[in-house]
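This report concerns only the one structure given below.
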Amino acid sequence: MSRSTMKLPKKSIDEVLAPFSRRAASVIPILQAIQAEYGYLSEDAVKRTALHACVPESAVFGAATFYSQFRLVPPGEHLVRVCQGTACHVLGGADVLDSLCEELEIDEGGTTADGLFTLESVRCLGCCSLAPAVMIDGETYGRVTRAALPGILGRYRRGDVS
């Protein structure tokens, strides 16, 4: 997906907030809904959530930083997930993750300077027979090696995938 075809938010933050009650118990579901719509939680989203749920901003920020599901910066155009489950770990998943960090010049959880890739490690991709596995934007690559990574990433850099 190119930057010009990326999903644009369809709802305003007010529209996302509307169905939720004005209680502290709504904070996590609100943050999940905002992130689903926008891909991350902006500073404005944190403030608006606090106002809507009638809680301090610090409480919302605390929840957003405590749970690893939330991100406070926009994700890259392509989400790269590296499996670290048992099979993948045993068969070199840690080496694949280290190699991706080097290749992309970012740490785990980071986004490349050009905004093209965000790198995450995950507990399991559910494809143990393909270990070690990497998923990029929902496409799974199995038996990944350090040598295969430049070719795989090159497809996304060139825009050869949809």
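By order in the structure tokens, chains are A, B, ...; within a chain, residues start at 1; ligands start at 1, following the order shown.
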
Would you list the contacts of region 43-58 of chain A as a ChimeraX atom specification, taking every protein, DNA or RNA residue within 6 Å and counting only C-alpha atoms, but skipping same-chain residues closer than 3 positions in sequence? /A:22-24,61-62

Using the selection just defined, write its residues with C-alpha atoms as an mmCIF file, in the first residue's frame.
data_model
loop_
_atom_site.group_PDB
_atom_site.id
_atom_site.type_symbol
_atom_site.label_atom_id
_atom_site.label_comp_id
_atom_site.auth_asym_id
_atom_site.auth_seq_id
_atom_site.Cartn_x
_atom_site.Cartn_y
_atom_site.Cartn_z
ATOM 1 C CA ARG A 22 -18.167 9.243 30.431
ATOM 2 C CA ARG A 23 -16.499 6.981 33.013
ATOM 3 C CA ALA A 24 -12.980 5.882 33.858
ATOM 4 C CA PHE A 61 -1.203 8.462 29.410
ATOM 5 C CA GLY A 62 -0.338 5.880 32.069
#

Shell of 7 Å around region 26-38 of chain A, only C-alpha atoms, local chain residues under 3 positions omitted, as JSON, numbers by chain: {"A": [9, 16, 17, 20, 21, 23, 41, 49, 53, 60]}

With N, CA and C atoms retained, export the selected residues as an mmCIF file, in the first residue's frame.
data_model
loop_
_atom_site.group_PDB
_atom_site.id
_atom_site.type_symbol
_atom_site.label_atom_id
_atom_site.label_comp_id
_atom_site.auth_asym_id
_atom_site.auth_seq_id
_atom_site.Cartn_x
_atom_site.Cartn_y
_atom_site.Cartn_z
ATOM 1 N N PRO A 9 -8.351 8.247 8.176
ATOM 2 C CA PRO A 9 -9.386 8.156 9.205
ATOM 3 C C PRO A 9 -10.743 8.558 8.640
ATOM 4 N N VAL A 16 -15.606 9.025 17.343
ATOM 5 C CA VAL A 16 -15.091 7.816 17.998
ATOM 6 C C VAL A 16 -15.511 7.801 19.462
ATOM 7 N N LEU A 17 -15.462 8.947 20.114
ATOM 8 C CA LEU A 17 -15.799 9.034 21.537
ATOM 9 C C LEU A 17 -17.295 8.877 21.822
ATOM 10 N N PHE A 20 -19.126 5.963 23.785
ATOM 11 C CA PHE A 20 -18.574 5.543 25.072
ATOM 12 C C PHE A 20 -19.113 6.378 26.229
ATOM 13 N N SER A 21 -19.331 5.698 27.348
ATOM 14 C CA SER A 21 -19.810 6.398 28.550
ATOM 15 C C SER A 21 -18.703 7.297 29.089
ATOM 16 N N ARG A 23 -17.000 7.590 31.774
ATOM 17 C CA ARG A 23 -16.499 6.981 33.013
ATOM 18 C C ARG A 23 -15.071 6.499 32.803
ATOM 19 N N LEU A 41 -2.077 6.767 19.016
ATOM 20 C CA LEU A 41 -2.740 7.704 19.925
ATOM 21 C C LEU A 41 -1.959 9.009 19.949
ATOM 22 N N THR A 49 -9.561 11.955 25.367
ATOM 23 C CA THR A 49 -10.026 10.777 26.099
ATOM 24 C C THR A 49 -10.168 11.106 27.573
ATOM 25 N N ALA A 53 -13.685 10.828 29.511
ATOM 26 C CA ALA A 53 -13.845 9.833 30.573
ATOM 27 C C ALA A 53 -13.790 10.443 31.971
ATOM 28 N N VAL A 60 -4.745 8.523 31.657
ATOM 29 C CA VAL A 60 -4.875 8.030 30.277
ATOM 30 C C VAL A 60 -3.495 7.748 29.696
#

Using only C-alpha atoms, which protein or nucleic acid residues come within 8 Å of Ile136 (chain A)? Drop anything in the same chain fewer than 6 positions from it, and give the result as a PyMOL selection string. chain A and resi 78-81

From chain A, collect each residue whose DSSP state is helix (DSSP H, G or I) and return the set as a PDB file with C-alpha atoms, in the first residue's frame.
ATOM      1  CA  ARG A   3       1.350   6.405   1.117  1.00  0.00           C
ATOM      2  CA  SER A   4      -1.228   7.824  -1.295  1.00  0.00           C
ATOM      3  CA  THR A   5      -3.517   4.825  -0.760  1.00  0.00           C
ATOM      4  CA  ILE A  13     -12.247  11.865  17.478  1.00  0.00           C
ATOM      5  CA  ASP A  14     -15.658  13.169  18.612  1.00  0.00           C
ATOM      6  CA  GLU A  15     -17.357  10.481  16.513  1.00  0.00           C
ATOM      7  CA  VAL A  16     -15.091   7.816  17.998  1.00  0.00           C
ATOM      8  CA  LEU A  17     -15.799   9.034  21.537  1.00  0.00           C
ATOM      9  CA  ALA A  24     -12.980   5.882  33.858  1.00  0.00           C
ATOM     10  CA  ALA A  25     -13.891   2.326  32.852  1.00  0.00           C
ATOM     11  CA  SER A  26     -14.191   3.534  29.251  1.00  0.00           C
ATOM     12  CA  VAL A  27     -10.556   4.618  28.912  1.00  0.00           C
ATOM     13  CA  ILE A  28      -9.117   1.381  27.487  1.00  0.00           C
ATOM     14  CA  PRO A  29     -11.970   0.761  25.017  1.00  0.00           C
ATOM     15  CA  ILE A  30     -11.767   4.404  23.896  1.00  0.00           C
ATOM     16  CA  LEU A  31      -8.013   4.165  23.326  1.00  0.00           C
ATOM     17  CA  GLN A  32      -8.499   0.931  21.387  1.00  0.00           C
ATOM     18  CA  ALA A  33     -11.144   2.555  19.190  1.00  0.00           C
ATOM     19  CA  ILE A  34      -9.038   5.652  18.530  1.00  0.00           C
ATOM     20  CA  GLN A  35      -5.989   3.564  17.661  1.00  0.00           C
ATOM     21  CA  ALA A  36      -8.086   1.351  15.371  1.00  0.00           C
ATOM     22  CA  GLU A  37      -9.215   4.472  13.516  1.00  0.00           C
ATOM     23  CA  TYR A  38      -5.950   6.447  13.435  1.00  0.00           C
ATOM     24  CA  GLU A  43      -1.361  13.797  22.245  1.00  0.00           C
ATOM     25  CA  ASP A  44      -4.733  15.321  21.345  1.00  0.00           C
ATOM     26  CA  ALA A  45      -6.390  11.890  21.510  1.00  0.00           C
ATOM     27  CA  VAL A  46      -5.000  11.327  25.010  1.00  0.00           C
ATOM     28  CA  LYS A  47      -6.279  14.739  26.151  1.00  0.00           C
ATOM     29  CA  ARG A  48      -9.712  14.244  24.577  1.00  0.00           C
ATOM     30  CA  THR A  49     -10.026  10.777  26.099  1.00  0.00           C
ATOM     31  CA  ALA A  50      -9.244  12.200  29.536  1.00  0.00           C
ATOM     32  CA  LEU A  51     -11.875  14.900  29.124  1.00  0.00           C
ATOM     33  CA  HIS A  52     -14.483  12.443  27.867  1.00  0.00           C
ATOM     34  CA  ALA A  53     -13.845   9.833  30.573  1.00  0.00           C
ATOM     35  CA  GLU A  57      -4.602  13.069  31.480  1.00  0.00           C
ATOM     36  CA  SER A  58      -1.874  11.335  33.451  1.00  0.00           C
ATOM     37  CA  ALA A  59      -4.174   8.343  34.008  1.00  0.00           C
ATOM     38  CA  VAL A  60      -4.875   8.030  30.277  1.00  0.00           C
ATOM     39  CA  PHE A  61      -1.203   8.462  29.410  1.00  0.00           C
ATOM     40  CA  GLY A  62      -0.338   5.880  32.069  1.00  0.00           C
ATOM     41  CA  ALA A  63      -2.712   3.351  30.503  1.00  0.00           C
ATOM     42  CA  ALA A  64      -1.449   4.127  27.000  1.00  0.00           C
ATOM     43  CA  THR A  65       2.175   3.574  28.012  1.00  0.00           C
ATOM     44  CA  PHE A  66       1.525   0.565  30.266  1.00  0.00           C
ATOM     45  CA  THR A  86       9.084 -21.152  20.900  1.00  0.00           C
ATOM     46  CA  ALA A  87       9.572 -22.728  17.457  1.00  0.00           C
ATOM     47  CA  CYS A  88      10.715 -19.463  15.879  1.00  0.00           C
ATOM     48  CA  HIS A  89      13.009 -18.699  18.792  1.00  0.00           C
ATOM     49  CA  VAL A  90      14.644 -22.130  18.648  1.00  0.00           C
ATOM     50  CA  GLY A  93      13.875 -15.850  15.401  1.00  0.00           C
ATOM     51  CA  ALA A  94      16.147 -13.752  17.629  1.00  0.00           C
ATOM     52  CA  ASP A  95      18.770 -13.610  14.861  1.00  0.00           C
ATOM     53  CA  VAL A  96      16.088 -12.572  12.353  1.00  0.00           C
ATOM     54  CA  LEU A  97      14.938  -9.801  14.708  1.00  0.00           C
ATOM     55  CA  ASP A  98      18.526  -8.607  15.245  1.00  0.00           C
ATOM     56  CA  SER A  99      19.117  -8.689  11.487  1.00  0.00           C
ATOM     57  CA  LEU A 100      15.995  -6.625  10.837  1.00  0.00           C
ATOM     58  CA  CYS A 101      17.080  -4.076  13.440  1.00  0.00           C
ATOM     59  CA  GLU A 102      20.408  -3.754  11.603  1.00  0.00           C
ATOM     60  CA  GLU A 103      18.875  -3.727   8.115  1.00  0.00           C
ATOM     61  CA  LEU A 104      16.225  -1.133   9.019  1.00  0.00           C
ATOM     62  CA  CYS A 128       5.242 -22.773  13.681  1.00  0.00           C
ATOM     63  CA  SER A 129       5.928 -25.085  10.740  1.00  0.00           C
ATOM     64  CA  LEU A 130       7.382 -22.069   8.888  1.00  0.00           C
ATOM     65  CA  ARG A 146      19.409 -13.125   7.419  1.00  0.00           C
ATOM     66  CA  ALA A 147      20.345 -13.440   3.742  1.00  0.00           C
ATOM     67  CA  ALA A 148      16.696 -13.341   2.613  1.00  0.00           C
ATOM     68  CA  LEU A 149      15.817 -10.104   4.428  1.00  0.00           C
ATOM     69  CA  PRO A 150      17.198  -7.554   1.908  1.00  0.00           C
ATOM     70  CA  GLY A 151      15.167  -9.197  -0.870  1.00  0.00           C
ATOM     71  CA  ILE A 152      11.996  -9.342   1.182  1.00  0.00           C
ATOM     72  CA  LEU A 153      12.285  -5.728   2.329  1.00  0.00           C
ATOM     73  CA  GLY A 154      13.282  -4.643  -1.175  1.00  0.00           C
ATOM     74  CA  ARG A 155       9.867  -5.676  -2.502  1.00  0.00           C
ATOM     75  CA  TYR A 156       8.254  -3.200  -0.091  1.00  0.00           C
ATOM     76  CA  ARG A 157      10.814  -0.475  -0.749  1.00  0.00           C
ATOM     77  CA  ARG A 158      10.145  -0.743  -4.492  1.00  0.00           C
TER      78      ARG A 158
END

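Closest approach to Gly85 (chain A) among A:Val144, A:Cys124, A:Ala18, A:Ala131: A:Cys124, based on only C-alpha atoms.
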
Can you check which residues of chain A DSSP gives as strand (DSSP E) on the backbone and send them as a ChimeraX atom specification? /A:78-83,117-122,134-136,139-141
